[in-house]
Amino acid sequence: VQLQASGGGLVQAGGSLRLSCALHAQRIISMNDMGWYRQAPGKPREQVAWVGRGGVKNYIDPVKGRFTISRDIANNMMYLQMNNLKPEDTAEYYCHARLGRTSYWGQGTLVTVSS
């Protein structure tokens, strides 16, 4: 299983970005859950948003109402639409998938939000 993340960049506060994650060698619908984590400099990695196999979505409080996680099952893609970005959203973002007890990680994609 391989995950490939993309879509990061530099944006001003209040702007938007959409992150993409391509899943290879396994069907997205087979995964127990998929989601996005982020890691800011000097801080531990934190889970941001995730979606279960059945489609139930969850978000951490700081991003509720601003971020939306979605899946394109036909194309084996996952997305994170990020609106009204804030400087505190600056971090390396990682896509993650879990199959059974095994976790898979994509490479990070850097999101930088300027004030």
# chains A, B, ... in the order shown; residues from 1 in each chain; ligands from 1
>>> residues_around(residues="Ala91 in chain A", least_positions_apart="5", cutoff="6 Å", atoms="only C-alpha atoms", output="compact mmCIF listing (two decimals) with N, CA and C atoms, in the first residue's frame")
# COMPACT_ATOMS: atom_id res chain seq x y z
N ARG A 38 -1.13 16.24 10.91
CA ARG A 38 -0.22 17.34 10.65
C ARG A 38 0.80 17.45 11.79
N GLN A 39 1.93 18.01 11.42
CA GLN A 39 2.97 18.22 12.41
C GLN A 39 3.61 19.58 12.19
N ALA A 40 3.42 20.44 13.17
CA ALA A 40 4.02 21.76 13.13
C ALA A 40 5.42 21.68 13.73
N VAL A 111 2.18 22.90 4.29
CA VAL A 111 1.21 23.99 4.21
C VAL A 111 1.75 25.14 5.06
>>> residues_around(residues="Ser115 in chain A", least_positions_apart="3", cutoff="8 Å", atoms="only C-alpha atoms", output="MDAnalysis selection string")
chainID A and resid 12:13 86:87
>>> write_last_selection(atoms="N, CA, C and O atoms", output="CSV table (one decimal), in the first residue's frame")
chain,number,residue,atom,x,y,z
A,12,GLN,N,-2.1,33.0,2.1
A,12,GLN,CA,-2.3,34.0,3.1
A,12,GLN,C,-3.5,33.6,4.0
A,12,GLN,O,-4.3,32.8,3.6
A,13,ALA,N,-3.4,34.1,5.2
A,13,ALA,CA,-4.5,33.8,6.2
A,13,ALA,C,-5.9,34.1,5.5
A,13,ALA,O,-6.0,35.2,4.9
A,86,LYS,N,-5.5,29.6,8.8
A,86,LYS,CA,-5.0,30.4,9.9
A,86,LYS,C,-3.5,30.1,10.0
A,86,LYS,O,-3.0,29.0,9.7
A,87,PRO,N,-2.7,31.1,10.5
A,87,PRO,CA,-1.2,30.8,10.6
A,87,PRO,C,-1.0,29.6,11.5
A,87,PRO,O,0.0,28.8,11.2
>>> residues_around(residues="range 92-104 of chain A", least_positions_apart="5", cutoff="6 Å", atoms="only C-alpha atoms", output="PyMOL selection string")
chain A and resi 31-39+109-110
>>> select_by_dssp(residues="chain A", states="strand (DSSP E)", output="count of residues only")
65
>>> atom_distance(atom1="CA of Gly65 in chain A", atom2="CA of Pro44 in chain A")
23.1 Å
>>> atom_distance(atom1="CA of Gly15 in chain A", atom2="CA of Trp105 in chain A")
26.4 Å
>>> closest_residue(among="A:His24, A:Glu46, A:Ala5, A:Leu19", to="Ser70 in chain A", atoms="only C-alpha atoms")
A:Leu19
>>> residues_around(residues="Ala25 in chain A", least_positions_apart="2", cutoff="9 Å", atoms="only C-alpha atoms", output="PyMOL selection string")
chain A and resi 1-2+23+27
>>> atom_distance(atom1="CA of Gly54 in chain A", atom2="CA of Asp72 in chain A")
13.2 Å
>>> closest_residue(among="A:Asn75, A:Pro41, A:Leu3, A:Ile29", to="Arg53 in chain A", atoms="only C-alpha atoms")
A:Ile29
>>> select_by_dssp(residues="range 11-110 of chain A", states="helix (DSSP H, G or I)", output="PyMOL selection string")
chain A and resi 28-30+61-63+87-89
>>> write_last_selection(atoms="C-alpha atoms", output="PDB file, in the first residue's frame")
ATOM      1  CA  ILE A  28      -9.868   2.843  -0.599  1.00  0.00           C
ATOM      2  CA  ILE A  29     -13.087   1.150   0.420  1.00  0.00           C
ATOM      3  CA  SER A  30     -11.045  -1.695   1.909  1.00  0.00           C
ATOM      4  CA  ASP A  61     -12.118  21.078  17.206  1.00  0.00           C
ATOM      5  CA  PRO A  62      -9.669  23.678  15.799  1.00  0.00           C
ATOM      6  CA  VAL A  63     -10.576  22.768  12.206  1.00  0.00           C
ATOM      7  CA  PRO A  87      -1.250  30.796  10.623  1.00  0.00           C
ATOM      8  CA  GLU A  88      -1.628  28.100  13.278  1.00  0.00           C
ATOM      9  CA  ASP A  89      -2.559  25.652  10.511  1.00  0.00           C
TER      10      ASP A  89
END
>>> closest_residue(among="A:Gln81, A:Gln107, A:Ser16, A:Thr112", to="Val48 in chain A", atoms="only C-alpha atoms")
A:Gln81
>>> closest_residue(among="A:Val11, A:Ala22, A:Leu17, A:Val113", to="Phe67 in chain A", atoms="only C-alpha atoms")
A:Leu17
>>> residues_around(residues="Cys21 in chain A", least_positions_apart="2", cutoff="6 Å", atoms="only C-alpha atoms", output="JSON, numbers by chain")
{"A": [4, 5, 77, 78]}
>>> closest_residue(among="A:Gly14, A:Gly108, A:Gly55, A:Gly9", to="Ile69 in chain A", atoms="only C-alpha atoms")
A:Gly55
>>> decode(residues="range 17-30 of chain A", atoms="all heavy atoms", output="JSON list (two decimals), in the first residue's frame")
[["chain", "number", "residue", "atom", "x", "y", "z"],
["A", 17, "LEU", "N", -6.79, 25.89, 0.52],
["A", 17, "LEU", "CA", -5.98, 24.90, -0.18],
["A", 17, "LEU", "C", -6.74, 23.58, -0.16],
["A", 17, "LEU", "O", -7.53, 23.34, 0.76],
["A", 17, "LEU", "CB", -4.62, 24.69, 0.50],
["A", 17, "LEU", "CG", -3.53, 25.73, 0.29],
["A", 17, "LEU", "CD1", -2.33, 25.39, 1.18],
["A", 17, "LEU", "CD2", -3.09, 25.79, -1.16],
["A", 18, "ARG", "N", -6.48, 22.76, -1.15],
["A", 18, "ARG", "CA", -7.02, 21.40, -1.14],
["A", 18, "ARG", "C", -5.87, 20.42, -1.25],
["A", 18, "ARG", "O", -5.11, 20.44, -2.22],
["A", 18, "ARG", "CB", -8.01, 21.17, -2.28],
["A", 18, "ARG", "CG", -8.72, 19.83, -2.15],
["A", 18, "ARG", "CD", -9.76, 19.59, -3.22],
["A", 18, "ARG", "NE", -9.18, 19.14, -4.47],
["A", 18, "ARG", "CZ", -9.82, 18.39, -5.37],
["A", 18, "ARG", "NH1", -11.08, 18.03, -5.14],
["A", 18, "ARG", "NH2", -9.24, 18.04, -6.49],
["A", 19, "LEU", "N", -5.76, 19.57, -0.25],
["A", 19, "LEU", "CA", -4.78, 18.50, -0.27],
["A", 19, "LEU", "C", -5.38, 17.25, -0.88],
["A", 19, "LEU", "O", -6.56, 16.97, -0.70],
["A", 19, "LEU", "CB", -4.29, 18.19, 1.15],
["A", 19, "LEU", "CG", -3.75, 19.37, 1.96],
["A", 19, "LEU", "CD1", -3.26, 18.87, 3.32],
["A", 19, "LEU", "CD2", -2.66, 20.09, 1.22],
["A", 20, "SER", "N", -4.55, 16.53, -1.61],
["A", 20, "SER", "CA", -4.98, 15.29, -2.24],
["A", 20, "SER", "C", -4.10, 14.14, -1.76],
["A", 20, "SER", "O", -2.91, 14.34, -1.48],
["A", 20, "SER", "CB", -4.88, 15.39, -3.76],
["A", 20, "SER", "OG", -5.69, 16.44, -4.26],
["A", 21, "CYS", "N", -4.69, 12.97, -1.70],
["A", 21, "CYS", "CA", -3.94, 11.77, -1.33],
["A", 21, "CYS", "C", -4.39, 10.63, -2.23],
["A", 21, "CYS", "O", -5.57, 10.28, -2.25],
["A", 21, "CYS", "CB", -4.19, 11.43, 0.13],
["A", 21, "CYS", "SG", -3.36, 9.93, 0.70],
["A", 22, "ALA", "N", -3.45, 10.10, -2.99],
["A", 22, "ALA", "CA", -3.73, 8.97, -3.87],
["A", 22, "ALA", "C", -3.32, 7.68, -3.17],
["A", 22, "ALA", "O", -2.21, 7.59, -2.63],
["A", 22, "ALA", "CB", -2.97, 9.12, -5.18],
["A", 23, "LEU", "N", -4.22, 6.70, -3.19],
["A", 23, "LEU", "CA", -3.94, 5.41, -2.58],
["A", 23, "LEU", "C", -3.64, 4.40, -3.69],
["A", 23, "LEU", "O", -4.42, 4.27, -4.63],
["A", 23, "LEU", "CB", -5.16, 4.95, -1.77],
["A", 23, "LEU", "CG", -5.10, 3.57, -1.13],
["A", 23, "LEU", "CD1", -4.00, 3.53, -0.09],
["A", 23, "LEU", "CD2", -6.43, 3.21, -0.49],
["A", 24, "HIS", "N", -2.51, 3.71, -3.55],
["A", 24, "HIS", "CA", -2.10, 2.74, -4.57],
["A", 24, "HIS", "C", -2.04, 1.33, -3.98],
["A", 24, "HIS", "O", -1.70, 1.17, -2.80],
["A", 24, "HIS", "CB", -0.72, 3.11, -5.12],
["A", 24, "HIS", "CG", -0.68, 4.47, -5.76],
["A", 24, "HIS", "ND1", -1.24, 4.74, -6.98],
["A", 24, "HIS", "CD2", -0.15, 5.63, -5.31],
["A", 24, "HIS", "CE1", -1.05, 6.01, -7.28],
["A", 24, "HIS", "NE2", -0.40, 6.59, -6.29],
["A", 25, "ALA", "N", -2.36, 0.36, -4.77],
["A", 25, "ALA", "CA", -2.21, -1.06, -4.45],
["A", 25, "ALA", "C", -3.25, -1.58, -3.48],
["A", 25, "ALA", "O", -3.11, -2.70, -2.97],
["A", 25, "ALA", "CB", -0.80, -1.37, -3.91],
["A", 26, "GLN", "N", -4.26, -0.81, -3.22],
["A", 26, "GLN", "CA", -5.35, -1.26, -2.35],
["A", 26, "GLN", "C", -6.54, -0.36, -2.61],
["A", 26, "GLN", "O", -6.37, 0.84, -2.88],
["A", 26, "GLN", "CB", -4.94, -1.20, -0.87],
["A", 26, "GLN", "CG", -5.92, -1.82, 0.10],
["A", 26, "GLN", "CD", -6.18, -3.28, -0.13],
["A", 26, "GLN", "OE1", -7.18, -3.68, -0.72],
["A", 26, "GLN", "NE2", -5.27, -4.12, 0.36],
["A", 27, "ARG", "N", -7.72, -0.92, -2.53],
["A", 27, "ARG", "CA", -8.92, -0.10, -2.76],
["A", 27, "ARG", "C", -9.24, 0.71, -1.51],
["A", 27, "ARG", "O", -9.17, 0.21, -0.39],
["A", 27, "ARG", "CB", -10.12, -1.00, -3.10],
["A", 27, "ARG", "CG", -9.95, -1.80, -4.39],
["A", 27, "ARG", "CD", -9.66, -0.89, -5.58],
["A", 27, "ARG", "NE", -10.73, 0.07, -5.80],
["A", 27, "ARG", "CZ", -10.64, 1.09, -6.67],
["A", 27, "ARG", "NH1", -9.53, 1.27, -7.36],
["A", 27, "ARG", "NH2", -11.65, 1.92, -6.82],
["A", 28, "ILE", "N", -9.61, 1.94, -1.71],
["A", 28, "ILE", "CA", -9.87, 2.84, -0.60],
["A", 28, "ILE", "C", -10.99, 2.31, 0.28],
["A", 28, "ILE", "O", -10.99, 2.49, 1.50],
["A", 28, "ILE", "CB", -10.16, 4.27, -1.13],
["A", 28, "ILE", "CG1", -10.00, 5.31, -0.03],
["A", 28, "ILE", "CG2", -11.54, 4.35, -1.76],
["A", 28, "ILE", "CD1", -10.02, 6.72, -0.55],
["A", 29, "ILE", "N", -11.94, 1.64, -0.33],
["A", 29, "ILE", "CA", -13.09, 1.15, 0.42],
["A", 29, "ILE", "C", -12.69, -0.01, 1.32],
["A", 29, "ILE", "O", -13.42, -0.36, 2.26],
["A", 29, "ILE", "CB", -14.22, 0.75, -0.55],
["A", 29, "ILE", "CG1", -15.55, 0.66, 0.19],
["A", 29, "ILE", "CG2", -13.87, -0.54, -1.28],
["A", 29, "ILE", "CD1", -16.03, 1.99, 0.74],
["A", 30, "SER", "N", -11.51, -0.59, 1.09],
["A", 30, "SER", "CA", -11.04, -1.69, 1.91],
["A", 30, "SER", "C", -10.39, -1.23, 3.21],
["A", 30, "SER", "O", -10.26, -2.02, 4.15],
["A", 30, "SER", "CB", -10.03, -2.55, 1.14],
["A", 30, "SER", "OG", -10.62, -3.08, -0.03]]
